[in-house]
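A.B. asks: What follows is model.csv, made up of CSV, C-alpha atoms:
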chain,number,residue,atom,x,y,z
A,1307,MET,CA,0.0,0.0,0.0
A,1308,PRO,CA,1.7,3.2,-1.1
A,1309,ILE,CA,0.0,5.6,1.3
A,1310,LEU,CA,-0.4,4.6,4.9
A,1311,GLY,CA,-3.3,6.0,6.9
A,1312,THR,CA,-2.8,6.6,10.6
A,1313,ALA,CA,-5.3,7.1,13.4
A,1314,ALA,CA,-4.5,8.5,16.8
A,1315,SER,CA,-5.8,6.4,19.5
A,1316,GLN,CA,-4.5,7.7,22.8
A,1317,ASN,CA,-0.8,7.4,22.3
A,1318,THR,CA,-0.8,4.7,19.6
A,1319,LYS,CA,-1.0,4.7,15.9
A,1320,THR,CA,-2.8,2.2,13.8
A,1321,PHE,CA,-1.4,1.5,10.3
A,1322,LEU,CA,-3.5,0.1,7.5
A,1323,SER,CA,-2.3,-3.3,6.3
A,1324,SER,CA,-5.0,-3.8,3.7
A,1325,PRO,CA,-5.6,-1.9,0.4
A,1326,ALA,CA,-6.9,1.6,1.1
A,1327,TYR,CA,-7.7,2.8,-2.4
A,1328,ASP,CA,-10.2,0.8,-4.4
A,1329,SER,CA,-11.6,1.2,-7.9
A,1330,ILE,CA,-15.4,1.3,-7.6
A,1331,ALA,CA,-16.5,2.0,-11.2
A,1332,THR,CA,-15.3,3.3,-14.5
A,1333,THR,CA,-17.1,4.7,-17.6
A,1334,THR,CA,-15.3,4.9,-20.9
A,1335,VAL,CA,-17.5,6.8,-23.4
A,1336,GLY,CA,-18.2,5.0,-26.6
A,1337,SER,CA,-19.0,6.1,-30.1
A,1338,GLY,CA,-21.5,9.0,-30.3
A,1339,GLY,CA,-20.7,10.2,-26.8
A,1340,THR,CA,-23.0,10.3,-23.9
A,1341,ALA,CA,-25.0,13.0,-22.2
A,1342,THR,CA,-24.5,11.8,-18.6
A,1343,VAL,CA,-22.2,9.6,-16.7
A,1344,THR,CA,-23.8,8.2,-13.5
A,1345,PHE,CA,-22.3,6.3,-10.6
A,1346,SER,CA,-25.1,4.8,-8.6
A,1347,SER,CA,-25.4,2.5,-5.5
A,1348,ILE,CA,-22.1,3.9,-4.2
A,1349,PRO,CA,-21.3,1.9,-1.0
A,1350,ALA,CA,-20.8,3.9,2.2
A,1351,THR,CA,-17.9,1.8,3.3
A,1352,TYR,CA,-15.2,4.3,2.3
A,1353,THR,CA,-14.1,7.5,4.0
A,1354,HIS,CA,-13.6,9.6,0.8
A,1355,LEU,CA,-14.3,9.3,-2.9
A,1356,GLN,CA,-12.1,10.4,-5.7
A,1357,ILE,CA,-13.1,10.9,-9.3
A,1358,ARG,CA,-10.3,10.9,-11.9
A,1359,PHE,CA,-11.1,11.8,-15.5
A,1360,LEU,CA,-9.7,12.5,-18.9
A,1361,ALA,CA,-12.6,14.1,-20.7
A,1362,GLN,CA,-13.7,16.2,-23.6
A,1363,SER,CA,-16.9,18.0,-24.7
A,1364,SER,CA,-18.4,17.8,-28.1
A,1365,ARG,CA,-19.5,21.5,-27.9
A,1366,THR,CA,-19.0,23.3,-31.2
A,1367,SER,CA,-19.0,26.9,-32.3
A,1368,SER,CA,-17.0,27.9,-29.3
A,1369,ASP,CA,-13.5,28.0,-28.2
A,1370,SER,CA,-14.4,28.5,-24.6
A,1371,GLY,CA,-14.7,24.9,-23.5
A,1372,ASP,CA,-17.6,23.4,-21.5
A,1373,PHE,CA,-18.6,22.9,-17.9
A,1374,PHE,CA,-19.2,19.7,-15.9
A,1375,LEU,CA,-22.4,19.8,-14.0
A,1376,VAL,CA,-22.4,17.5,-11.0
A,1377,LYS,CA,-25.4,16.4,-8.9
A,1378,PHE,CA,-25.5,14.2,-5.9
A,1379,ASN,CA,-28.3,11.7,-5.2
A,1380,SER,CA,-30.3,13.1,-8.2
A,1381,ASP,CA,-31.0,16.3,-6.2
A,1382,SER,CA,-32.2,18.9,-8.7
A,1383,GLY,CA,-33.1,21.5,-6.1
A,1384,ALA,CA,-31.2,24.8,-5.6
A,1385,ASN,CA,-28.9,23.2,-3.1
A,1386,TYR,CA,-25.4,23.7,-4.5
A,1387,ASN,CA,-22.7,26.3,-4.3
A,1388,TYR,CA,-19.4,26.5,-6.1
A,1389,GLY,CA,-16.3,28.6,-6.5
A,1390,HIS,CA,-13.4,28.6,-8.9
A,1391,GLN,CA,-9.9,30.0,-9.3
A,1392,VAL,CA,-9.1,29.9,-12.9
A,1393,LEU,CA,-6.0,30.7,-15.0
A,1394,MET,CA,-7.0,30.9,-18.6
A,1395,ASN,CA,-6.0,31.7,-22.1
A,1396,ASN,CA,-2.3,32.5,-22.2
A,1397,ASN,CA,-1.7,34.7,-19.2
A,1398,THR,CA,-4.9,36.6,-19.4
A,1399,GLY,CA,-4.7,36.2,-15.7
A,1400,SER,CA,-6.4,34.3,-13.0
A,1401,CYS,CA,-10.0,35.1,-12.0
A,1402,TYR,CA,-12.5,34.0,-9.5
A,1403,ALA,CA,-16.0,32.8,-10.2
A,1404,ASN,CA,-18.7,31.5,-7.9
A,1405,GLY,CA,-22.3,30.7,-7.8
A,1406,ASN,CA,-24.8,30.2,-4.9
A,1407,ASN,CA,-28.0,28.2,-4.7
A,1408,GLY,CA,-27.5,26.6,-8.0
A,1409,THR,CA,-29.1,23.4,-9.2
A,1410,SER,CA,-25.8,21.6,-9.7
A,1411,MET,CA,-22.1,22.0,-8.9
A,1412,VAL,CA,-19.9,23.3,-11.6
A,1413,ILE,CA,-16.4,22.0,-12.6
A,1414,GLU,CA,-14.9,24.1,-15.3
A,1415,ARG,CA,-13.6,23.9,-17.8
A,1416,ILE,CA,-13.7,20.9,-20.0
A,1417,GLN,CA,-12.0,21.1,-23.4
A,1418,ASN,CA,-14.2,21.0,-26.4
A,1419,TYR,CA,-13.6,19.0,-29.5
A,1420,GLU,CA,-13.6,21.9,-31.8
A,1421,THR,CA,-10.5,23.4,-30.1
A,1422,SER,CA,-8.4,20.3,-30.6
A,1423,ALA,CA,-9.8,16.9,-31.5
A,1424,SER,CA,-7.2,15.0,-29.7
A,1425,SER,CA,-6.8,17.1,-26.6
A,1426,PHE,CA,-8.7,16.2,-23.4
A,1427,THR,CA,-8.9,17.7,-20.0
A,1428,ALA,CA,-7.3,15.9,-17.1
A,1429,GLY,CA,-8.9,16.3,-13.7
A,1430,VAL,CA,-9.0,14.9,-10.1
A,1431,THR,CA,-12.0,15.5,-7.9
A,1432,ASP,CA,-12.1,14.7,-4.2
A,1433,ILE,CA,-15.3,14.3,-2.2
A,1434,LEU,CA,-14.5,14.2,1.4
A,1435,ASP,CA,-16.4,12.4,4.1
A,1436,TYR,CA,-19.1,11.6,1.6
A,1437,ALA,CA,-21.1,9.2,3.8
A,1438,ASN,CA,-21.2,11.3,6.9
A,1439,THR,CA,-24.8,12.3,7.7
A,1440,ASN,CA,-23.9,15.3,9.9
A,1441,LYS,CA,-22.2,17.5,7.4
A,1442,TYR,CA,-22.8,19.2,4.1
A,1443,LYS,CA,-20.7,17.6,1.4
A,1444,THR,CA,-17.7,19.4,0.0
A,1445,MET,CA,-15.9,18.7,-3.3
A,1446,ARG,CA,-12.7,20.0,-4.7
A,1447,SER,CA,-11.2,19.7,-8.2
A,1448,LEU,CA,-8.0,20.3,-10.0
A,1449,LEU,CA,-8.2,20.2,-13.7
A,1450,GLY,CA,-6.5,21.6,-16.8
A,1451,TYR,CA,-5.7,21.4,-20.4
A,1452,THR,CA,-3.3,23.1,-22.8
A,1453,THR,CA,-3.3,23.4,-26.5
A,1454,ASN,CA,-1.0,24.7,-29.1
A,1455,SER,CA,-3.1,27.9,-29.4
A,1456,VAL,CA,-4.2,30.4,-26.9
A,1457,TYR,CA,-6.9,28.1,-25.5
A,1458,SER,CA,-5.4,26.8,-22.3
A,1459,GLN,CA,-7.1,26.5,-19.0
A,1460,LEU,CA,-6.1,25.6,-15.4
A,1461,ASN,CA,-8.8,25.4,-12.8
A,1462,PHE,CA,-9.0,24.9,-9.1
A,1463,CYS,CA,-12.5,24.5,-7.9
A,1464,SER,CA,-14.6,23.8,-4.8
A,1465,ALA,CA,-18.3,23.1,-4.5
A,1466,LEU,CA,-20.8,22.4,-1.8
A,1467,TRP,CA,-23.9,20.3,-1.6
A,1468,MET,CA,-26.1,21.6,1.2
A,1469,SER,CA,-27.4,18.2,2.3
A,1470,THR,CA,-26.4,15.9,5.2
A,1471,ALA,CA,-27.4,12.8,3.3
A,1472,ALA,CA,-24.8,10.3,2.4
A,1473,VAL,CA,-23.7,10.5,-1.2
A,1474,SER,CA,-24.9,7.3,-3.0
A,1475,ASN,CA,-25.3,8.6,-6.5
A,1476,ILE,CA,-23.2,11.0,-8.6
A,1477,SER,CA,-24.2,12.2,-12.0
A,1478,ILE,CA,-21.9,14.1,-14.3
A,1479,SER,CA,-23.1,15.9,-17.5
A,1480,LEU,CA,-22.0,18.9,-19.5
A,1481,ALA,CA,-23.6,22.2,-19.9
A,1482,TYR,CA,-23.4,22.0,-23.7
A,1483,GLY,CA,-22.1,18.4,-24.2
A,1484,PRO,CA,-22.4,15.6,-24.8
A,1485,ILE,CA,-19.2,14.0,-23.4
A,1486,THR,CA,-17.2,12.8,-26.3
A,1487,GLN,CA,-16.0,9.4,-27.3
A,1488,TYR,CA,-12.8,8.2,-25.5
A,1489,SER,CA,-13.5,10.2,-22.4
A,1490,LYS,CA,-12.8,8.2,-19.3
A,1491,ILE,CA,-14.3,8.9,-15.9
A,1492,ALA,CA,-13.4,6.6,-12.9
A,1493,LEU,CA,-14.6,6.6,-9.4
A,1494,TYR,CA,-12.4,5.4,-6.5
A,1495,GLY,CA,-13.0,4.8,-2.8
A,1496,ILE,CA,-10.4,5.7,-0.2
A,1497,ARG,CA,-10.6,3.9,3.1
A,1498,GLY,CA,-9.8,5.3,6.6
A,1499,VAL,CA,-9.2,3.4,9.8
B,1337,MET,CA,-17.4,-3.1,-8.1
B,1338,THR,CA,-13.8,-4.3,-8.1
B,1339,ALA,CA,-12.0,-4.3,-4.7
B,1340,GLY,CA,-8.3,-4.8,-4.3
B,1341,ASN,CA,-5.2,-2.8,-4.4
B,1342,THR,CA,-5.5,-0.4,-7.2
B,1343,TYR,CA,-2.9,2.1,-6.2
B,1344,VAL,CA,0.4,0.4,-6.7
B,1345,PRO,CA,4.0,1.6,-6.3
B,1346,LEU,CA,5.8,0.8,-9.5
B,1347,ALA,CA,9.3,2.3,-8.9
B,1348,SER,CA,11.2,4.5,-6.5
B,1349,THR,CA,14.6,6.1,-6.4
B,1350,THR,CA,16.6,8.3,-4.1
B,1351,THR,CA,19.5,10.2,-5.6
B,1352,SER,CA,22.8,9.5,-3.9
B,1353,SER,CA,24.6,12.3,-5.8
B,1354,THR,CA,23.7,15.2,-8.0
B,1355,GLN,CA,21.9,14.1,-11.1
B,1356,GLY,CA,20.9,16.1,-14.2
B,1357,SER,CA,17.7,14.1,-14.6
B,1358,ILE,CA,15.6,11.2,-13.3
B,1359,THR,CA,14.0,8.7,-15.7
B,1360,PHE,CA,11.3,6.2,-15.2
B,1361,SER,CA,11.5,3.8,-18.1
B,1362,SER,CA,9.7,0.7,-19.3
B,1363,ILE,CA,6.5,1.8,-17.7
B,1364,SER,CA,3.9,-0.9,-17.8
B,1365,GLY,CA,0.7,-0.1,-19.8
B,1366,ALA,CA,-1.4,-2.1,-17.3
B,1367,TYR,CA,-2.7,0.8,-15.3
B,1368,THR,CA,-5.1,3.6,-16.0
B,1369,ASP,CA,-3.4,6.6,-14.5
B,1370,LEU,CA,0.1,7.4,-13.2
B,1371,VAL,CA,1.1,9.4,-10.2
B,1372,ILE,CA,4.6,10.6,-9.3
B,1373,VAL,CA,5.4,12.0,-5.9
B,1374,TYR,CA,8.8,13.6,-5.3
B,1375,ASN,CA,10.5,15.3,-2.4
B,1376,ASN,CA,13.6,17.0,-3.6
B,1377,LEU,CA,16.5,19.4,-3.5
B,1378,ALA,CA,18.2,21.2,-6.3
B,1379,SER,CA,21.6,22.7,-6.9
B,1380,SER,CA,19.9,26.1,-7.4
B,1381,ASN,CA,16.5,27.6,-7.8
B,1382,ALA,CA,15.4,26.5,-11.2
B,1383,ASP,CA,12.3,25.3,-13.0
B,1384,ALA,CA,11.7,21.5,-13.1
B,1385,TYR,CA,10.4,20.0,-16.3
B,1386,LEU,CA,9.1,16.7,-17.7
B,1387,GLN,CA,9.4,14.9,-21.1
B,1388,PHE,CA,7.6,11.8,-22.2
B,1389,ASN,CA,9.2,8.9,-24.2
B,1390,GLY,CA,12.4,10.8,-24.8
B,1391,ASP,CA,10.6,13.3,-27.0
B,1392,THR,CA,12.7,16.5,-27.1
B,1393,ALA,CA,10.8,18.1,-30.0
B,1394,THR,CA,8.5,21.0,-29.6
B,1395,ASN,CA,5.4,18.9,-29.0
B,1396,TYR,CA,4.5,20.2,-25.6
B,1397,SER,CA,2.5,23.1,-24.0
B,1398,SER,CA,2.1,24.1,-20.4
B,1399,ILE,CA,0.3,26.5,-18.1
B,1400,VAL,CA,1.2,27.4,-14.5
B,1401,LEU,CA,-0.7,29.2,-11.8
B,1402,SER,CA,1.5,30.4,-8.9
B,1403,GLY,CA,1.2,32.0,-5.6
B,1404,ASN,CA,3.8,33.4,-3.2
B,1405,GLY,CA,1.7,34.8,-0.4
B,1406,THR,CA,1.5,38.3,-2.0
B,1407,SER,CA,0.0,37.9,-5.4
B,1408,PRO,CA,-1.0,35.2,-7.9
B,1409,SER,CA,0.7,35.0,-11.2
B,1410,GLY,CA,0.4,32.8,-14.3
B,1411,ALA,CA,2.3,31.8,-17.4
B,1412,SER,CA,1.7,29.6,-20.3
B,1413,GLN,CA,3.8,28.4,-23.2
B,1414,MET,CA,3.2,26.7,-26.5
B,1415,ASN,CA,5.4,24.8,-28.9
B,1416,ILE,CA,8.0,24.0,-26.3
B,1417,ASN,CA,10.2,20.9,-25.9
B,1418,LYS,CA,9.2,20.2,-22.3
B,1419,ILE,CA,6.4,20.7,-19.8
B,1420,TYR,CA,7.3,23.1,-17.1
B,1421,LEU,CA,6.2,21.9,-13.7
B,1422,ASP,CA,6.7,24.7,-11.2
B,1423,ASN,CA,7.7,28.3,-10.5
B,1424,TYR,CA,7.7,29.3,-6.9
B,1425,GLY,CA,7.4,25.7,-5.8
B,1426,THR,CA,10.7,24.7,-7.2
B,1427,PRO,CA,13.2,23.3,-4.6
B,1428,GLY,CA,16.2,25.1,-3.3
B,1429,SER,CA,19.6,23.7,-2.3
B,1430,SER,CA,18.8,23.5,1.4
B,1431,GLU,CA,15.0,23.6,1.4
B,1432,ARG,CA,12.9,20.8,-0.1
B,1433,SER,CA,9.9,21.1,-2.2
B,1434,VAL,CA,7.2,18.5,-2.6
B,1435,SER,CA,5.4,17.8,-5.9
B,1436,ILE,CA,2.6,15.5,-7.1
B,1437,LEU,CA,2.2,14.8,-10.8
B,1438,GLN,CA,-0.9,13.0,-12.3
B,1439,VAL,CA,-1.0,11.6,-15.8
B,1440,GLN,CA,-4.5,10.4,-16.8
B,1441,ASN,CA,-5.1,7.5,-19.2
B,1442,TYR,CA,-1.4,7.5,-20.1
B,1443,ALA,CA,-1.5,4.2,-22.0
B,1444,ASN,CA,-4.3,5.0,-24.4
B,1445,THR,CA,-3.3,5.5,-28.1
B,1446,THR,CA,-6.1,7.8,-29.1
B,1447,THR,CA,-5.7,11.0,-27.2
B,1448,TYR,CA,-2.9,13.5,-26.4
B,1449,LYS,CA,-1.6,13.1,-22.9
B,1450,THR,CA,-2.5,15.7,-20.3
B,1451,LEU,CA,-0.6,16.2,-17.1
B,1452,LEU,CA,-1.5,17.9,-13.8
B,1453,ALA,CA,1.0,19.0,-11.2
B,1454,GLN,CA,1.1,20.5,-7.8
B,1455,SER,CA,4.3,21.8,-6.2
B,1456,GLY,CA,5.1,23.7,-3.1
B,1457,ARG,CA,8.1,25.0,-1.1
B,1458,ALA,CA,7.4,26.6,2.3
B,1459,SER,CA,9.4,29.8,2.1
B,1460,SER,CA,8.8,30.4,-1.6
B,1461,GLY,CA,5.3,29.5,-2.7
B,1462,LEU,CA,3.2,27.0,-4.6
B,1463,ASP,CA,2.2,26.2,-8.1
B,1464,LEU,CA,-0.6,24.4,-9.9
B,1465,SER,CA,0.1,23.4,-13.5
B,1466,ALA,CA,-1.1,21.5,-16.5
B,1467,GLY,CA,0.7,20.4,-19.6
B,1468,THR,CA,-0.1,18.5,-22.8
B,1469,TRP,CA,2.1,16.3,-24.9
B,1470,ARG,CA,0.8,16.3,-28.4
B,1471,SER,CA,1.2,12.6,-29.1
B,1472,THR,CA,-1.2,9.7,-29.1
B,1473,ALA,CA,1.6,7.2,-28.2
B,1474,ALA,CA,1.3,5.4,-24.9
B,1475,VAL,CA,3.6,6.8,-22.2
B,1476,THR,CA,6.4,4.4,-21.5
B,1477,SER,CA,9.1,6.6,-20.0
B,1478,ILE,CA,9.1,9.9,-18.1
B,1479,LEU,CA,12.1,12.1,-17.6
B,1480,LEU,CA,12.2,14.7,-14.8
B,1481,GLY,CA,14.9,17.4,-15.3
B,1482,PHE,CA,15.8,20.9,-14.5
B,1483,VAL,CA,16.6,24.0,-16.6
B,1484,SER,CA,20.2,24.9,-15.6
B,1485,ALA,CA,20.3,22.9,-12.3
B,1486,THR,CA,20.6,19.4,-11.0
B,1487,TRP,CA,18.7,17.2,-8.5
B,1488,ASN,CA,20.7,17.1,-5.3
B,1489,SER,CA,21.6,14.1,-3.3
B,1490,GLY,CA,18.7,12.8,-1.1
B,1491,SER,CA,15.9,13.7,-3.6
B,1492,THR,CA,13.2,11.0,-3.6
B,1493,PHE,CA,10.9,10.0,-6.5
B,1494,THR,CA,8.2,7.4,-6.5
B,1495,LEU,CA,6.0,6.3,-9.4
B,1496,TYR,CA,2.6,4.8,-8.8
B,1497,GLY,CA,0.1,3.2,-11.1
B,1498,ILE,CA,-3.7,3.4,-10.5
B,1499,ALA,CA,-5.9,0.7,-12.1
B,1500,ALA,CA,-9.5,1.4,-12.8
B,1501,ALA,CA,-12.2,-1.2,-12.7
Please re-express this file's structure in structure tokens.

C.D. replies:
Amino acid sequence: MPILGTAASQNTKTFLSSPAYDSIATTTVGSGGTATVTFSSIPATYTHLQIRFLAQSSRTSSDSGDFFLVKFNSDSGANYNYGHQVLMNNNTGSCYANGNNGTSMVIERIQNYETSASSFTAGVTDILDYANTNKYKTMRSLLGYTTNSVYSQLNFCSALWMSTAAVSNISISLAYGPITQYSKIALYGIRGV
Amino acid sequence: MTAGNTYVPLASTTTSSTQGSITFSSISGAYTDLVIVYNNLASSNADAYLQFNGDTATNYSSIVLSGNGTSPSGASQMNINKIYLDNYGTPGSSERSVSILQVQNYANTTTYKTLLAQSGRASSGLDLSAGTWRSTAAVTSILLGFVSATWNSGSTFTLYGIAAA
């Protein structure tokens, strides 16, 4: 196990001796793309979740990329907040964007096919303490892409689902989409002790 | 659902003397993503960089967002022969920096390869960066080097593979 977890119990430490990072499910998008990737029936047996992706949008007529829209437990109410720190487009600077009481969490930006057919956005999203029923759920993401033109983006995002329910379902779609062929989105569970 | 150990250490090295570069070669294509963690010292403040599969042509681009406690800054470059990994987060000769690199879907032969990096050094600052290698070849080797500097003795590098279900 490459990363050891520790738990303080009085003056002792407990070290994990079993695998602590499990693959739960993976979607590789096939021909024609897909509107939504959904991970359902997520077990509550982990401490944290991690989503790792290499993804692209089929959005056309734009060089601005696209936006992942993420919902937990199929909640379509205005129960989400998000914030971003974004560095974009060849030193045009970093900027901050946020939104409150939205109907989904936003992860931006996802490269679109029209900008570069072979370039995809890489990203890692962490969902901490997802099964806890006493806290709102917080998600953070690091993602980015670069191209051989001015259309490069680096994004650091956080988002909040204002619910204490355990997360058992995650849906990911695009604002303009669909998600293109060859995109891969994988869900992992991280154990604690 | 597939359980089991999906986060596997593939290789690790600690420099015993100054080295101009570190290379992980013959990387298995059996995983989905790669992660590299390194804790390092350098002969002088310099920008670390990465190259895939020994490609030294101008097939790379990169973008870096940096912070030093005063103001954020950014830089991006196109048509370059390497991916720059840090700015403020680069190591010094006596103060270590820590970096984590992520290469998603590195073995696929359809898409260009995109890298994410995070680096930080306590007294200097931190960086987030992304880079793209414009090649659809599977990644089989990774070189980590410096512009006008060397890795100092005692720098540690570990390569992990993550396998998706």

A.B. asks: Considering all atoms listed in the file, can you say which of A:Ala1465, A:Val1335, A:Ile1478, A:Leu1493 comes closest to chain B?

C.D. replies: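 That would be A:Leu1493, the residue with the smallest distance to chain B.
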
A.B. asks: Within 7 Å of chain B, which residues of chain A show up? Give each one with its shortest atom-to-atom distance in Å (one decimal) and the two atoms involved, counting all atoms listed in the file, rows by chain then rising residue number, as CSV.

C.D. replies:
residue,atom,partner,partner_atom,distance
A:Met1307,CA,B:Val1344,CA,6.7
A:Pro1308,CA,B:Pro1345,CA,5.9
A:Pro1325,CA,B:Asn1341,CA,4.9
A:Tyr1327,CA,B:Tyr1343,CA,6.2
A:Asp1328,CA,B:Ala1339,CA,5.4
A:Ser1329,CA,B:Ala1500,CA,5.3
A:Ile1330,CA,B:Met1337,CA,4.9
A:Ala1331,CA,B:Ala1501,CA,5.6
A:Thr1332,CA,B:Ala1501,CA,5.8
A:Phe1359,CA,B:Gln1440,CA,6.9
A:Leu1360,CA,B:Gln1440,CA,6.0
A:Leu1393,CA,B:Leu1401,CA,6.4
A:Asn1396,CA,B:Ser1412,CA,5.3
A:Asn1397,CA,B:Ala1411,CA,5.3
A:Gly1399,CA,B:Gly1410,CA,6.3
A:Ser1424,CA,B:Thr1447,CA,4.9
A:Ser1425,CA,B:Tyr1448,CA,5.3
A:Phe1426,CA,B:Thr1450,CA,6.9
A:Thr1427,CA,B:Thr1450,CA,6.7
A:Ala1428,CA,B:Thr1450,CA,5.8
A:Gly1450,CA,B:Ala1466,CA,5.4
A:Tyr1451,CA,B:Ala1466,CA,6.0
A:Thr1452,CA,B:Thr1468,CA,5.6
A:Thr1453,CA,B:Ser1397,CA,6.3
A:Asn1454,CA,B:Met1414,CA,5.3
A:Leu1460,CA,B:Ala1466,CA,6.6
A:Ala1492,CA,B:Ala1500,CA,6.5

A.B. asks: Between CA of Asn1385 in chain A and CA of Leu1466 in chain A, what is the spacing in Å?

C.D. replies: 8.2 Å

A.B. asks: Of the candidates A:Ala1471, A:Ile1485, A:Leu1448, A:Ile1357, which shows the shortest atom-to-atom distance to Asp1463 in chain B, using only C-alpha atoms?

C.D. replies: A:Leu1448

A.B. asks: Report, in Å with one decimal, the straight-line distance from CA of Gly1429 in chain A to CA of Ser1447 in chain A.

C.D. replies: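 Computed distance, CA of Gly1429 in chain A to CA of Ser1447 in chain A, equals 6.9 Å.
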
A.B. asks: How many Å lie between CA of Gly1481 in chain B and CA of Gly1456 in chain B, rounded to one decimal?

C.D. replies: 16.9 Å

A.B. asks: With distances taken over only C-alpha atoms, which residue among A:Leu1480, A:Leu1355, A:Met1468, A:Ile1433 lies nearest Arg1415 in chain A?

C.D. replies: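 Looking at the shortest contact to Arg1415 in chain A, the residue is A:Leu1480.
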
A.B. asks: Considering all atoms listed in the file, can you say which of B:Ala1382, B:Thr1394, B:Asn1389, B:Ser1435 comes closest to Ser1362 in chain B?

C.D. replies: B:Asn1389

A.B. asks: Which polymer residues, whether protein, DNA or RNA, lie within 10 Å of the coordinate (-0.3, -5.9, -14.6) when you count all atoms listed in the file? List them as a list of chain:residue names, using the chain letters and numbers from the file.

C.D. replies: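 Taken together, the residues in range are B:Ser1364, B:Gly1365, B:Ala1366, B:Tyr1367, B:Gly1497, B:Ala1499.
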
A.B. asks: Just checking: using all atoms listed in the file, which residue out of B:Ser1361, B:Ala1458, B:Thr1350, B:Ile1436 ends up closest to Gly1403 in chain B?

C.D. replies: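 Looking only at the distances to Gly1403 in chain B, the closest residue turns out to be B:Ala1458.
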
A.B. asks: Can you pull out every residue within 10 Å of Asn1488 in chain B, counting all atoms listed in the file, but drop anything in the same chain fewer than 5 positions away, and send it as a list in words?

C.D. replies: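 With the cut-off at 10 Å, the set is Thr1350, Thr1351, Ser1352, Ser1353, Thr1354, Gln1355, Gly1356, Asn1376, Leu1377, Ala1378, Ser1379, Ser1380, Pro1427, Gly1428, Ser1429 and Ser1430 of chain B.
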
A.B. asks: Residues within 10 Å of Gln1391 in chain A, please, as a VMD selection string. Count all atoms listed in the file; anything in the same chain fewer than 4 positions from it doesn't count.

C.D. replies: (chain A and resid 1400 to 1404 1414 1448 1460 to 1464) or (chain B and resid 1401)

A.B. asks: Which neighbours of Thr1342 in chain A fall inside 12 Å, counting only C-alpha atoms, when residues of the same chain fewer than 4 positions from it are skipped, and could you give them as a PDB file with C-alpha atoms, in the coordinates of the input?

C.D. replies:
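Written file, result.pdb:
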ATOM      1  CA  THR A1333     -17.100   4.700 -17.600  1.00  0.00           C
ATOM      2  CA  THR A1334     -15.300   4.900 -20.900  1.00  0.00           C
ATOM      3  CA  VAL A1335     -17.500   6.800 -23.400  1.00  0.00           C
ATOM      4  CA  SER A1363     -16.900  18.000 -24.700  1.00  0.00           C
ATOM      5  CA  PHE A1374     -19.200  19.700 -15.900  1.00  0.00           C
ATOM      6  CA  LEU A1375     -22.400  19.800 -14.000  1.00  0.00           C
ATOM      7  CA  VAL A1376     -22.400  17.500 -11.000  1.00  0.00           C
ATOM      8  CA  LYS A1377     -25.400  16.400  -8.900  1.00  0.00           C
ATOM      9  CA  SER A1380     -30.300  13.100  -8.200  1.00  0.00           C
ATOM     10  CA  ILE A1476     -23.200  11.000  -8.600  1.00  0.00           C
ATOM     11  CA  SER A1477     -24.200  12.200 -12.000  1.00  0.00           C
ATOM     12  CA  ILE A1478     -21.900  14.100 -14.300  1.00  0.00           C
ATOM     13  CA  SER A1479     -23.100  15.900 -17.500  1.00  0.00           C
ATOM     14  CA  LEU A1480     -22.000  18.900 -19.500  1.00  0.00           C
ATOM     15  CA  ALA A1481     -23.600  22.200 -19.900  1.00  0.00           C
ATOM     16  CA  TYR A1482     -23.400  22.000 -23.700  1.00  0.00           C
ATOM     17  CA  GLY A1483     -22.100  18.400 -24.200  1.00  0.00           C
ATOM     18  CA  PRO A1484     -22.400  15.600 -24.800  1.00  0.00           C
ATOM     19  CA  ILE A1485     -19.200  14.000 -23.400  1.00  0.00           C
ATOM     20  CA  THR A1486     -17.200  12.800 -26.300  1.00  0.00           C
ATOM     21  CA  SER A1489     -13.500  10.200 -22.400  1.00  0.00           C
ATOM     22  CA  ILE A1491     -14.300   8.900 -15.900  1.00  0.00           C
TER      23      ILE A1491
END

A.B. asks: Would you list the contacts of Asn1404 in chain B as a list in words, taking every protein, DNA or RNA residue within 8 Å and counting all atoms listed in the file, but skipping same-chain residues closer than 4 positions in sequence?

C.D. replies: Pro1408, Tyr1424, Ser1460, Gly1461 and Leu1462 of chain B
